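Structure file data39.cif (mmCIF, C-alpha atoms) is printed below.
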data_work
loop_
_atom_site.label_atom_id
_atom_site.label_comp_id
_atom_site.auth_asym_id
_atom_site.auth_seq_id
_atom_site.Cartn_x
_atom_site.Cartn_y
_atom_site.Cartn_z
CA MET A 958 128.70 67.23 54.83
CA PHE A 959 131.04 70.20 55.50
CA ASP A 960 128.05 72.54 54.97
CA THR A 961 128.86 74.84 57.91
CA LEU A 962 132.61 74.93 57.26
CA THR A 963 132.21 75.50 53.52
CA ASN A 964 129.80 78.43 53.97
CA SER A 965 132.01 79.91 56.69
CA PHE A 966 135.14 79.65 54.53
CA LYS A 967 133.38 81.49 51.70
CA ASN A 968 132.35 84.31 54.04
CA ILE A 969 135.86 84.55 55.52
CA VAL A 970 137.53 84.72 52.11
CA ASN A 971 135.10 87.44 50.99
CA LYS A 972 136.12 89.66 53.91
CA ILE A 973 139.40 90.38 52.12
CA ARG A 974 138.29 92.89 49.51
CA PHE A 975 141.54 94.71 48.76
CA LEU A 976 145.12 93.67 48.10
CA ASP A 977 147.69 94.03 50.91
CA ASP A 978 145.01 94.83 53.50
CA GLU A 979 146.69 93.53 56.67
CA LYS A 980 143.80 94.57 58.91
CA ALA A 981 141.36 92.57 56.79
CA LEU A 982 143.76 89.60 56.90
CA ALA A 983 143.92 89.81 60.70
CA ARG A 984 140.12 89.88 60.93
CA SER A 985 139.80 86.94 58.55
CA LEU A 986 142.38 84.89 60.45
CA ASP A 987 140.59 85.58 63.74
CA GLU A 988 137.28 84.56 62.15
CA LEU A 989 138.93 81.43 60.71
CA LYS A 990 140.21 80.38 64.14
CA LYS A 991 136.78 80.84 65.73
CA THR A 992 135.10 78.91 62.91
CA LEU A 993 137.48 75.97 63.21
CA LEU A 994 137.09 75.72 66.98
CA LYS A 995 133.31 76.06 66.76
CA ASN A 996 133.21 73.16 64.29
CA ASP A 997 135.04 70.60 66.45
CA VAL A 998 138.55 71.11 65.06
CA TYR A 999 141.10 70.28 67.77
CA HIS A 1000 142.59 73.52 69.17
CA LYS A 1001 146.20 72.65 68.28
CA VAL A 1002 145.21 71.75 64.71
CA ALA A 1003 143.18 74.98 64.41
CA LYS A 1004 146.18 77.00 65.58
CA GLU A 1005 148.43 75.25 63.05
CA ILE A 1006 146.03 75.91 60.15
CA VAL A 1007 145.64 79.60 61.00
CA SER A 1008 149.41 80.05 61.38
CA GLN A 1009 150.09 78.40 58.04
CA VAL A 1010 147.44 80.45 56.23
CA GLU A 1011 148.92 83.66 57.64
CA SER A 1012 152.44 82.66 56.60
CA GLU A 1013 151.42 81.67 53.06
CA CYS A 1014 149.33 84.83 52.60
CA LYS A 1015 152.11 87.16 53.66
CA LYS A 1016 154.61 85.30 51.50
CA ASN A 1017 152.47 85.37 48.33
CA GLY A 1018 150.70 88.69 48.89
CA ILE A 1019 147.50 89.43 50.78
CA GLY A 1020 144.38 89.08 48.67
CA LYS A 1021 141.21 87.05 48.23
CA ASP A 1022 142.75 84.46 45.88
CA SER A 1023 145.91 84.27 47.94
CA PHE A 1024 143.93 83.61 51.13
CA SER A 1025 141.76 80.99 49.44
CA ASN A 1026 144.79 79.17 48.00
CA ALA A 1027 146.62 79.34 51.33
CA LEU A 1028 143.61 77.91 53.15
CA ALA A 1029 143.27 75.04 50.65
CA PHE A 1030 147.00 74.29 50.94
CA SER A 1031 146.86 74.35 54.74
CA LEU A 1032 143.78 72.12 54.92
CA GLN A 1033 145.39 69.54 52.68
CA SER A 1034 148.57 69.53 54.78
CA VAL A 1035 146.69 68.31 57.89
CA PHE A 1036 146.02 64.98 56.18
CA SER A 1037 148.78 62.38 55.94
CA GLY A 1038 149.40 58.69 55.30
CA ASN A 1039 147.67 56.23 52.98
CA TYR A 1040 144.07 56.56 51.87
CA GLY A 1041 141.67 54.18 50.23
CA PHE A 1042 142.26 50.44 50.29
CA SER A 1043 145.58 48.56 50.14
CA TYR A 1044 145.62 44.95 49.00
CA ALA A 1045 147.92 42.29 50.41
CA GLN A 1046 150.52 40.86 48.02
CA LYS A 1047 148.95 37.43 48.44
CA PRO A 1048 145.14 37.23 48.77
CA PRO A 1049 142.99 37.27 50.71
CA THR A 1050 143.48 40.71 52.22
CA VAL A 1051 142.15 40.43 55.79
CA VAL A 1052 140.43 43.45 57.33
CA LEU A 1053 139.49 43.69 61.01
CA MET A 1054 136.67 46.18 61.65
CA VAL A 1055 136.73 47.56 65.21
CA GLY A 1056 134.98 50.31 67.17
CA LEU A 1057 132.48 51.06 69.88
CA GLN A 1058 128.91 49.78 69.81
CA GLY A 1059 126.61 52.07 67.86
CA SER A 1060 129.38 53.58 65.74
CA GLY A 1061 128.03 52.02 62.53
CA LYS A 1062 130.64 49.26 62.39
CA THR A 1063 128.43 46.51 60.93
CA THR A 1064 126.95 48.82 58.29
CA SER A 1065 130.42 50.14 57.44
CA SER A 1066 131.62 46.55 56.98
CA ALA A 1067 128.87 45.98 54.40
CA LYS A 1068 129.57 49.35 52.74
CA LEU A 1069 133.25 48.45 52.38
CA ALA A 1070 132.33 45.02 50.99
CA ASN A 1071 130.04 46.67 48.43
CA TYR A 1072 132.73 49.23 47.50
CA LEU A 1073 135.22 46.43 46.80
CA LYS A 1074 132.68 44.24 45.01
CA LEU A 1075 131.87 47.05 42.57
CA ARG A 1076 135.60 47.12 41.76
CA GLY A 1077 135.64 43.48 40.79
CA LYS A 1078 136.77 41.89 44.06
CA LYS A 1079 135.40 38.67 45.54
CA VAL A 1080 134.56 39.59 49.14
CA LEU A 1081 133.67 37.51 52.19
CA LEU A 1082 131.97 39.10 55.21
CA VAL A 1083 132.60 37.39 58.56
CA ALA A 1084 130.21 37.71 61.52
CA CYS A 1085 132.40 37.85 64.64
CA ASP A 1086 130.17 40.20 66.64
CA LEU A 1087 128.62 37.59 68.91
CA GLN A 1088 127.89 40.03 71.76
CA ARG A 1089 125.08 41.98 70.15
CA LEU A 1090 122.16 39.63 69.50
CA ALA A 1091 121.04 41.26 66.26
CA ALA A 1092 124.52 41.82 64.79
CA VAL A 1093 124.82 38.50 62.94
CA GLU A 1094 121.31 38.79 61.51
CA GLN A 1095 121.95 42.39 60.48
CA LEU A 1096 125.14 41.40 58.65
CA LYS A 1097 123.30 38.51 56.94
CA GLN A 1098 120.62 40.90 55.66
CA LEU A 1099 123.21 43.39 54.42
CA ALA A 1100 125.21 40.62 52.72
CA THR A 1101 122.04 39.48 50.91
CA GLU A 1102 121.27 43.06 49.86
CA ILE A 1103 124.67 43.63 48.27
CA GLU A 1104 124.98 40.03 47.07
CA VAL A 1105 128.24 39.05 48.77
CA ASP A 1106 128.98 35.90 50.74
CA ILE A 1107 128.97 35.74 54.52
CA PHE A 1108 130.69 33.31 56.91
CA THR A 1109 128.96 32.46 60.19
CA GLN A 1110 129.30 29.72 62.81
CA GLU A 1111 126.91 28.84 65.59
CA ASP A 1112 128.12 28.00 69.11
CA ALA A 1113 131.68 29.10 68.38
CA SER A 1114 133.95 31.73 69.89
CA PRO A 1115 134.83 34.85 67.87
CA VAL A 1116 138.43 33.61 67.64
CA ASN A 1117 137.36 30.28 66.14
CA VAL A 1118 134.97 31.97 63.73
CA ALA A 1119 137.76 34.27 62.51
CA ARG A 1120 140.26 31.42 62.18
CA GLU A 1121 137.86 29.15 60.28
CA SER A 1122 136.75 31.98 58.01
CA ILE A 1123 140.33 32.51 56.80
CA LYS A 1124 140.71 28.81 55.99
CA TYR A 1125 137.43 28.92 54.07
CA ALA A 1126 138.45 32.12 52.25
CA LYS A 1127 141.76 30.65 51.11
CA ASP A 1128 140.11 27.46 49.87
CA SER A 1129 137.46 29.47 48.02
CA THR A 1130 139.89 32.04 46.53
CA TYR A 1131 138.39 35.20 48.01
CA ASP A 1132 140.20 38.48 47.40
CA VAL A 1133 139.16 40.21 50.63
CA VAL A 1134 137.88 39.06 54.03
CA ILE A 1135 136.11 41.67 56.19
CA ILE A 1136 135.67 40.64 59.83
CA ASP A 1137 132.97 42.47 61.80
CA THR A 1138 133.96 42.34 65.47
CA ALA A 1139 132.03 43.12 68.63
CA GLY A 1140 131.84 46.62 70.06
CA ARG A 1141 131.05 47.79 73.58
CA LEU A 1142 129.36 50.87 74.99
CA SER A 1143 132.77 51.84 76.37
CA ILE A 1144 136.35 50.61 76.13
CA ASN A 1145 137.10 47.77 78.54
CA ALA A 1146 139.62 44.99 79.08
CA GLU A 1147 137.25 42.27 77.85
CA LEU A 1148 136.77 44.00 74.49
CA MET A 1149 140.49 44.57 73.96
CA ASN A 1150 141.45 41.05 74.97
CA GLU A 1151 138.97 39.59 72.50
CA LEU A 1152 140.33 41.76 69.69
CA LYS A 1153 143.92 40.87 70.59
CA GLU A 1154 143.06 37.16 70.52
CA ILE A 1155 141.45 37.48 67.06
CA LYS A 1156 144.39 39.52 65.78
CA ASN A 1157 146.94 37.01 67.12
CA SER A 1158 145.05 33.98 65.73
CA ILE A 1159 145.11 35.15 62.09
CA LYS A 1160 147.26 37.30 59.81
CA VAL A 1161 145.54 40.70 59.68
CA ASP A 1162 146.44 43.16 56.92
CA GLU A 1163 144.27 46.11 57.93
CA ILE A 1164 142.61 47.20 61.18
CA PHE A 1165 139.98 49.85 60.50
CA TYR A 1166 138.47 51.82 63.37
CA VAL A 1167 134.92 52.99 62.64
CA LEU A 1168 134.63 56.44 64.18
CA ASP A 1169 131.20 57.98 64.74
CA SER A 1170 131.59 61.55 63.44
CA LEU A 1171 128.78 62.78 65.69
CA SER A 1172 130.67 61.77 68.85
CA GLY A 1173 133.25 64.54 68.44
CA GLN A 1174 136.43 64.49 70.50
CA ASP A 1175 135.18 61.56 72.62
CA ALA A 1176 135.40 59.37 69.52
CA VAL A 1177 138.92 60.59 68.82
CA ARG A 1178 140.02 59.66 72.33
CA SER A 1179 138.47 56.19 71.93
CA ALA A 1180 140.28 55.72 68.61
CA ASP A 1181 143.55 56.67 70.29
CA ASN A 1182 142.96 54.04 73.01
CA PHE A 1183 142.25 51.36 70.40
CA ASN A 1184 145.40 52.36 68.54
CA GLN A 1185 147.54 52.05 71.66
CA GLU A 1186 146.02 48.66 72.56
CA ILE A 1187 145.87 46.83 69.22
CA GLY A 1188 147.29 49.20 66.58
CA LEU A 1189 145.16 50.75 63.84
CA SER A 1190 145.98 51.13 60.15
CA GLY A 1191 143.10 53.41 59.20
CA ILE A 1192 139.87 55.15 60.15
CA ILE A 1193 136.44 55.04 58.55
CA LEU A 1194 134.38 58.10 59.48
CA SER A 1195 130.76 56.95 59.78
CA LYS A 1196 127.60 59.10 59.83
CA PHE A 1197 129.59 61.90 58.26
CA ASP A 1198 126.61 63.08 56.24
CA SER A 1199 124.83 63.95 59.51
CA ASP A 1200 127.78 65.92 60.90
CA ALA A 1201 127.18 69.48 59.67
CA LYS A 1202 130.33 70.65 61.46
CA GLY A 1203 132.80 68.22 59.86
CA GLY A 1204 135.74 69.35 61.99
CA ILE A 1205 136.59 65.81 63.11
CA ALA A 1206 137.93 65.11 59.61
CA LEU A 1207 140.45 67.93 60.08
CA SER A 1208 141.55 66.76 63.53
CA VAL A 1209 141.75 63.02 63.92
CA THR A 1210 144.72 62.31 61.62
CA LYS A 1211 146.88 64.94 63.32
CA GLN A 1212 145.78 63.95 66.81
CA ILE A 1213 146.47 60.21 66.68
CA ASN A 1214 148.60 59.92 63.53
CA ILE A 1215 146.24 57.45 61.84
CA PRO A 1216 144.99 58.24 58.31
CA ILE A 1217 141.32 58.47 57.37
CA ARG A 1218 140.73 55.87 54.66
CA PHE A 1219 136.99 56.18 53.92
CA ILE A 1220 134.02 58.34 54.89
CA GLY A 1221 130.39 57.28 55.18
CA SER A 1222 128.59 59.98 53.19
CA GLY A 1223 124.99 58.78 53.59
CA GLU A 1224 122.67 56.02 54.79
CA LYS A 1225 122.70 54.01 51.57
CA ILE A 1226 125.09 51.05 51.20
CA ALA A 1227 126.74 52.82 48.26
CA ASP A 1228 127.43 55.92 50.38
CA LEU A 1229 131.07 55.16 51.15
CA ASP A 1230 133.68 57.45 49.62
CA ILE A 1231 137.41 57.00 49.45
CA PHE A 1232 139.11 59.70 51.53
CA MET A 1233 141.42 61.52 49.13
CA PRO A 1234 142.76 64.79 50.65
CA ASP A 1235 142.62 66.87 47.46
CA ARG A 1236 139.01 65.81 46.82
CA ILE A 1237 137.95 66.47 50.41
CA VAL A 1238 139.57 69.91 50.34
CA GLY A 1239 137.74 70.56 47.06
CA ARG A 1240 134.43 69.89 48.83
CA LEU A 1241 135.45 72.02 51.80
CA MET A 1242 136.26 74.93 49.50
CA GLY A 1243 132.96 74.54 47.60
CA ALA A 1244 134.56 73.14 44.43
CA GLY A 1245 132.81 69.77 44.65
CA ASP A 1246 134.36 66.43 43.72
CA VAL A 1247 133.83 65.72 40.04
CA ALA A 1248 136.52 63.01 40.03
CA GLY A 1249 134.69 61.19 42.83
CA PHE A 1250 131.40 61.49 40.96
CA ILE A 1251 132.95 60.01 37.81
CA GLU A 1252 134.51 57.20 39.84
CA LYS A 1253 131.14 56.29 41.37
CA THR A 1254 129.49 56.37 37.96
CA THR A 1255 132.06 54.19 36.22
CA ALA A 1256 131.94 51.66 39.07
CA VAL A 1257 128.25 50.90 38.47
CA VAL A 1258 127.76 51.64 34.76
CA ASP A 1259 128.92 49.17 32.12
CA GLU A 1260 130.71 51.03 29.32
CA LYS A 1261 129.11 49.02 26.49
CA GLU A 1262 125.67 49.37 28.06
CA ALA A 1263 126.21 53.12 28.48
CA LYS A 1264 127.10 53.51 24.79
CA ARG A 1265 124.08 51.43 23.73
CA LEU A 1266 121.77 53.49 25.92
CA THR A 1267 123.23 56.79 24.70
CA LYS A 1268 122.50 55.83 21.10
CA LYS A 1269 118.89 54.95 22.02
CA ILE A 1270 118.40 58.21 23.92
CA ARG A 1271 119.72 60.28 21.02
CA LYS A 1272 117.22 58.58 18.74
CA GLY A 1273 114.40 59.17 21.23
CA GLU A 1274 113.99 55.43 21.85
CA PHE A 1275 114.29 55.48 25.67
CA THR A 1276 111.89 52.80 27.04
CA PHE A 1277 110.42 51.84 30.41
CA THR A 1278 112.78 48.85 30.48
CA ASP A 1279 115.72 51.25 30.12
CA PHE A 1280 114.21 53.53 32.75
CA LEU A 1281 113.97 50.81 35.39
CA SER A 1282 117.49 49.64 34.56
CA GLN A 1283 118.84 53.14 35.10
CA LEU A 1284 116.98 53.46 38.42
CA GLU A 1285 118.84 50.40 39.68
CA SER A 1286 122.16 51.92 38.58
CA ILE A 1287 121.41 55.20 40.35
CA LYS A 1288 120.54 53.33 43.55
CA LYS A 1289 123.97 51.67 43.45
CA MET A 1290 125.65 55.09 43.32
CA GLY A 1291 124.26 56.21 46.68
CA SER A 1292 121.94 58.88 48.06
CA MET A 1293 120.98 61.93 46.01
CA LYS A 1294 122.35 64.26 48.68
CA SER A 1295 125.75 62.58 48.51
CA LEU A 1296 125.85 62.73 44.70
CA ILE A 1297 124.71 66.36 44.49
CA SER A 1298 127.34 67.41 47.06
CA MET A 1299 130.03 66.26 44.59
CA MET A 1300 128.90 68.67 41.88
CA PRO A 1301 130.55 72.12 41.86
CA GLY A 1302 128.18 74.88 42.92
CA LEU A 1303 125.33 72.50 43.75
CA GLY A 1304 126.34 71.54 47.29
CA ALA A 1305 123.65 73.74 48.81
CA MET A 1306 121.00 71.67 47.02
CA GLY A 1307 122.04 68.62 49.03
CA ASP A 1308 119.80 69.49 51.98
CA ALA A 1309 116.81 69.99 49.71
CA LEU A 1310 117.37 66.49 48.32
CA LYS A 1311 118.35 64.72 51.53
CA ASN A 1312 114.94 63.06 51.81
CA VAL A 1313 114.75 62.00 48.17
CA ASP A 1314 114.64 58.21 48.26
CA ILE A 1315 114.28 56.34 45.00
CA ASP A 1316 112.95 53.26 46.78
CA ASN A 1317 110.26 55.13 48.71
CA SER A 1318 109.30 57.92 46.30
CA VAL A 1319 105.56 57.83 45.58
CA GLU A 1320 106.17 58.74 41.93
CA ILE A 1321 108.76 56.00 41.46
CA LYS A 1322 106.54 53.45 43.23
CA ASN A 1323 103.66 54.34 40.90
CA ILE A 1324 105.86 54.02 37.81
CA LYS A 1325 107.21 50.65 38.99
CA ALA A 1326 103.67 49.40 39.68
CA MET A 1327 102.52 50.65 36.30
CA VAL A 1328 105.43 49.02 34.44
CA SER A 1329 104.87 45.71 36.25
CA SER A 1330 101.34 45.62 34.75
CA MET A 1331 102.57 46.25 31.21
CA THR A 1332 103.37 43.66 28.60
CA GLN A 1333 106.97 43.54 27.35
CA LYS A 1334 105.81 45.11 24.08
CA GLU A 1335 104.27 48.06 25.99
CA ARG A 1336 107.43 48.52 28.08
CA ASP A 1337 109.58 48.69 24.97
CA ASN A 1338 107.12 50.86 22.99
CA PRO A 1339 105.40 53.41 25.30
CA SER A 1340 103.88 55.13 22.25
CA ILE A 1341 101.35 52.29 21.77
CA LEU A 1342 99.66 52.98 25.12
CA ASN A 1343 96.11 53.93 24.09
CA GLY A 1344 93.02 54.38 26.27
CA SER A 1345 92.07 50.71 26.59
CA ARG A 1346 95.63 49.67 27.40
CA LYS A 1347 95.85 52.36 30.09
CA LYS A 1348 92.59 51.14 31.66
CA ARG A 1349 93.91 47.57 31.77
CA ILE A 1350 97.23 48.68 33.28
CA ALA A 1351 95.48 50.88 35.87
CA LYS A 1352 93.26 48.00 36.95
CA GLY A 1353 96.23 45.64 37.16
CA CYS A 1354 98.34 47.88 39.42
CA GLY A 1355 95.60 49.46 41.55
CA LEU A 1356 95.99 53.00 40.18
CA ASP A 1357 93.59 55.39 38.48
CA VAL A 1358 93.92 56.17 34.77
CA SER A 1359 94.76 59.74 35.83
CA ASP A 1360 97.75 58.34 37.78
CA ILE A 1361 98.85 56.42 34.68
CA ASN A 1362 98.63 59.58 32.55
CA ARG A 1363 100.62 61.56 35.15
CA SER A 1364 103.34 58.92 35.32
CA LEU A 1365 103.55 58.74 31.53
CA LYS A 1366 103.95 62.52 31.40
CA GLN A 1367 106.77 62.35 33.97
CA PHE A 1368 108.44 59.62 31.94
CA GLU A 1369 108.21 61.68 28.74
CA THR A 1370 109.79 64.66 30.52
CA ALA A 1371 112.62 62.45 31.85
CA ALA A 1372 113.20 61.01 28.37
CA LYS A 1373 113.39 64.52 26.85
CA MET A 1374 115.84 65.63 29.54
CA ALA A 1375 117.96 62.52 28.95
CA LYS A 1376 118.01 63.30 25.21
CA GLN A 1377 119.10 66.88 25.92
CA MET A 1378 121.86 65.66 28.26
CA SER A 1379 123.22 63.32 25.58
CA SER A 1380 123.69 66.23 23.16
CA PRO A 1381 126.86 68.39 23.02
CA ASN A 1382 127.04 70.64 26.12
CA GLY A 1383 123.97 68.80 27.42
CA VAL A 1384 125.23 68.31 30.98
CA LYS A 1385 126.23 71.97 31.15
CA ASN A 1386 122.78 73.07 29.96
CA ILE A 1387 120.99 70.84 32.49
CA MET A 1388 123.18 72.10 35.35
CA ASN A 1389 122.46 75.72 34.35
CA MET A 1390 118.76 74.90 34.29
CA ILE A 1391 118.94 73.36 37.78
CA LYS A 1392 120.89 76.34 39.12
CA GLY A 1393 118.37 78.72 37.62
CA ALA A 1394 115.48 76.86 39.19
CA ASN A 1395 117.26 76.89 42.53
CA LEU A 1396 117.93 80.62 42.35
CA ASN A 1397 114.31 81.36 41.54
CA LYS A 1398 113.22 79.43 44.65
CA MET A 1399 115.58 81.49 46.80
CA ARG A 1400 114.29 84.84 45.52
#
Can you present the structure in this file as structure tokens?
Amino acid sequence: MFDTLTNSFKNIVNKIRFLDDEKALARSLDELKKTLLKNDVYHKVAKEIVSQVESECKKNGIGKDSFSNALAFSLQSVFSGNYGFSYAQKPPTVVLMVGLQGSGKTTSSAKLANYLKLRGKKVLLVACDLQRLAAVEQLKQLATEIEVDIFTQEDASPVNVARESIKYAKDSTYDVVIIDTAGRLSINAELMNELKEIKNSIKVDEIFYVLDSLSGQDAVRSADNFNQEIGLSGIILSKFDSDAKGGIALSVTKQINIPIRFIGSGEKIADLDIFMPDRIVGRLMGAGDVAGFIEKTTAVVDEKEAKRLTKKIRKGEFTFTDFLSQLESIKKMGSMKSLISMMPGLGAMGDALKNVDIDNSVEIKNIKAMVSSMTQKERDNPSILNGSRKKRIAKGCGLDVSDINRSLKQFETAAKMAKQMSSPNGVKNIMNMIKGANLNKMR
């Protein structure tokens, strides 16, 4: 996410080596314009950003810091309007999810439901995409995965399904209703008429357009057509983790005057981030998004449980039961690539970790299999695992004793690292260690 733009911005800023060097400023501005255009930023928006950077630089004095600050200020100014989620005064808040087929609309509906659920809201997903055969089944599977309710009706029109779902939601005191509507391969009258009928049959609070980041300016034009036909209140940028350019984020709000509300930052259900301009600009400028990281952490970690676990770690009492519990928490936070990209100075490590999958990691699978063959006493007291116990566990989970020993060694290392992180300056020490390891690989 933003990889190309972030690296380019760093190189452009570094071209200004001396104060009041107008020639260097001109070269950097020209390079900035080319970079923006090359990365899918709309030409009028690119021109506006360059002009504003030049003006701010000349006003505050030409220099590296001045250029960097001017660029950050200009980038933030291209975003406008609300961001995040707005609740209706009287629940339920009704959200209509619209977009073209293949844009990630159904997945984004589930991601939004999960985002709201983690913040204590009672959410109902509604399956109104009756055009695509697998859409209802897909939404059912996603609803089961994130443990939220879903409303479906057989042999009913999308309008009737939407209308009945609102009645059900009011009777059952839901906070939010998210309606997944049908998409098409292209915009047509049938699609728009169906959406208008749904909109007119119920009171809709939000209409989110799911925009496929990889579709470039074509997606922006489609969003504009939807806005003119039914009116949009916000945009969710999907597949944004796969868009190395990232210029769409800098263009769409200015082009159609509709704010970006969320971005899909990975394939995991938890990979949906609120679109806050200052945080996004922080990522663009290579400063990460620590506030976003903390928000994700606090949404899935219980404060009392965190304190209890911290005490255990400091005493060196971290068990396999605790380990599996923490794995589940990490999964709820999203992909490793998305999380690493939020940490200042570690964004470049995101690509190296993009294929790290806790569910499918061989090491994690082995540890889970091993733990499932343990007694509760063994899970809570790993130190009692002697030779005979290891043989029994290995036989029970289909692994060799050597695999058991390897997994135990990995667990001991993780426990030591956790203990170090819980100490004063622990996080700082771990981050320095990771950076050092990364630098050594690059040499």
What residues come out when you apply the PyMOL selection byres ((chain A and resi 1094) around 12) to this file, written as a ChimeraX atom specification? /A:1063-1064,1083-1087,1089-1093,1095-1101,1107-1109
Written as a ChimeraX atom specification, what is the full residue list that the PyMOL selection byres ((chain A and resi 1219) around 12) yields on the file shown? /A:1039-1042,1065-1066,1068-1069,1072,1165-1168,1191-1197,1206,1216-1218,1220-1222,1228-1234,1237
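Nearest residue to A:Gln1033, choosing from A:Asp1106, A:Asp1357, A:Asp1279, A:Asp1235 and counting only C-alpha atoms: A:Asp1235.
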The PyMOL selection byres ((chain A and resi 1174) around 12) on the file shown: which residues, as JSON, numbers by chain? {"A": [994, 996, 997, 998, 999, 1000, 1168, 1169, 1170, 1171, 1172, 1173, 1175, 1176, 1177, 1178, 1179, 1180, 1181, 1203, 1204, 1205, 1206, 1207, 1208, 1209, 1212, 1213]}
note - atom CA of A:Phe1277 and atom CA of A:Asp1337 are separated by 6.3 Å
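Closest to A:Ile1321 among A:Ser1060, A:Asn1157, A:Ser1364, A:Ser1143 is A:Ser1364, based on all atoms listed in the file.
Of the listed residues (A:Val1118, A:Met1149, A:Leu989, A:Ile1159), A:Met1149 comes nearest to A:Gly1188; the distances count all atoms listed in the file.
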With only C-alpha atoms as the atoms that count, which of A:Leu1075, A:Val1133, A:Leu1281, A:Ala1139 lies nearest to A:Gly1061? A:Ala1139
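Here atom CA of A:Ile973 is placed at a distance of 22.9 Å from atom CA of A:Ser1034.
Between atom CA of A:Val1035 and atom CA of A:Lys972 there is a distance of 24.2 Å.
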So which residues touch A:Glu1013 within 12 Å, counting only C-alpha atoms, skipping near sequence neighbours fewer than 4 positions away, as a ChimeraX atom specification? /A:982,1006-1009,1017-1020,1022-1031
Can you pull out the residues contacting A:Ile1164? Cut-off 8 Å, using all atoms listed in the file, and skip same-chain residues under 2 positions away; I want them as number ranges by chain. A: 1052-1055, 1161-1162, 1166, 1188-1191
Let me see the file: selected residues, C-alpha atoms, as a PDB file, in the frame of the given file.
ATOM      1  CA  VAL A1052     140.430  43.450  57.330  1.00  0.00           C
ATOM      2  CA  LEU A1053     139.490  43.690  61.010  1.00  0.00           C
ATOM      3  CA  MET A1054     136.670  46.180  61.650  1.00  0.00           C
ATOM      4  CA  VAL A1055     136.730  47.560  65.210  1.00  0.00           C
ATOM      5  CA  VAL A1161     145.540  40.700  59.680  1.00  0.00           C
ATOM      6  CA  ASP A1162     146.440  43.160  56.920  1.00  0.00           C
ATOM      7  CA  TYR A1166     138.470  51.820  63.370  1.00  0.00           C
ATOM      8  CA  GLY A1188     147.290  49.200  66.580  1.00  0.00           C
ATOM      9  CA  LEU A1189     145.160  50.750  63.840  1.00  0.00           C
ATOM     10  CA  SER A1190     145.980  51.130  60.150  1.00  0.00           C
ATOM     11  CA  GLY A1191     143.100  53.410  59.200  1.00  0.00           C
TER      12      GLY A1191
END
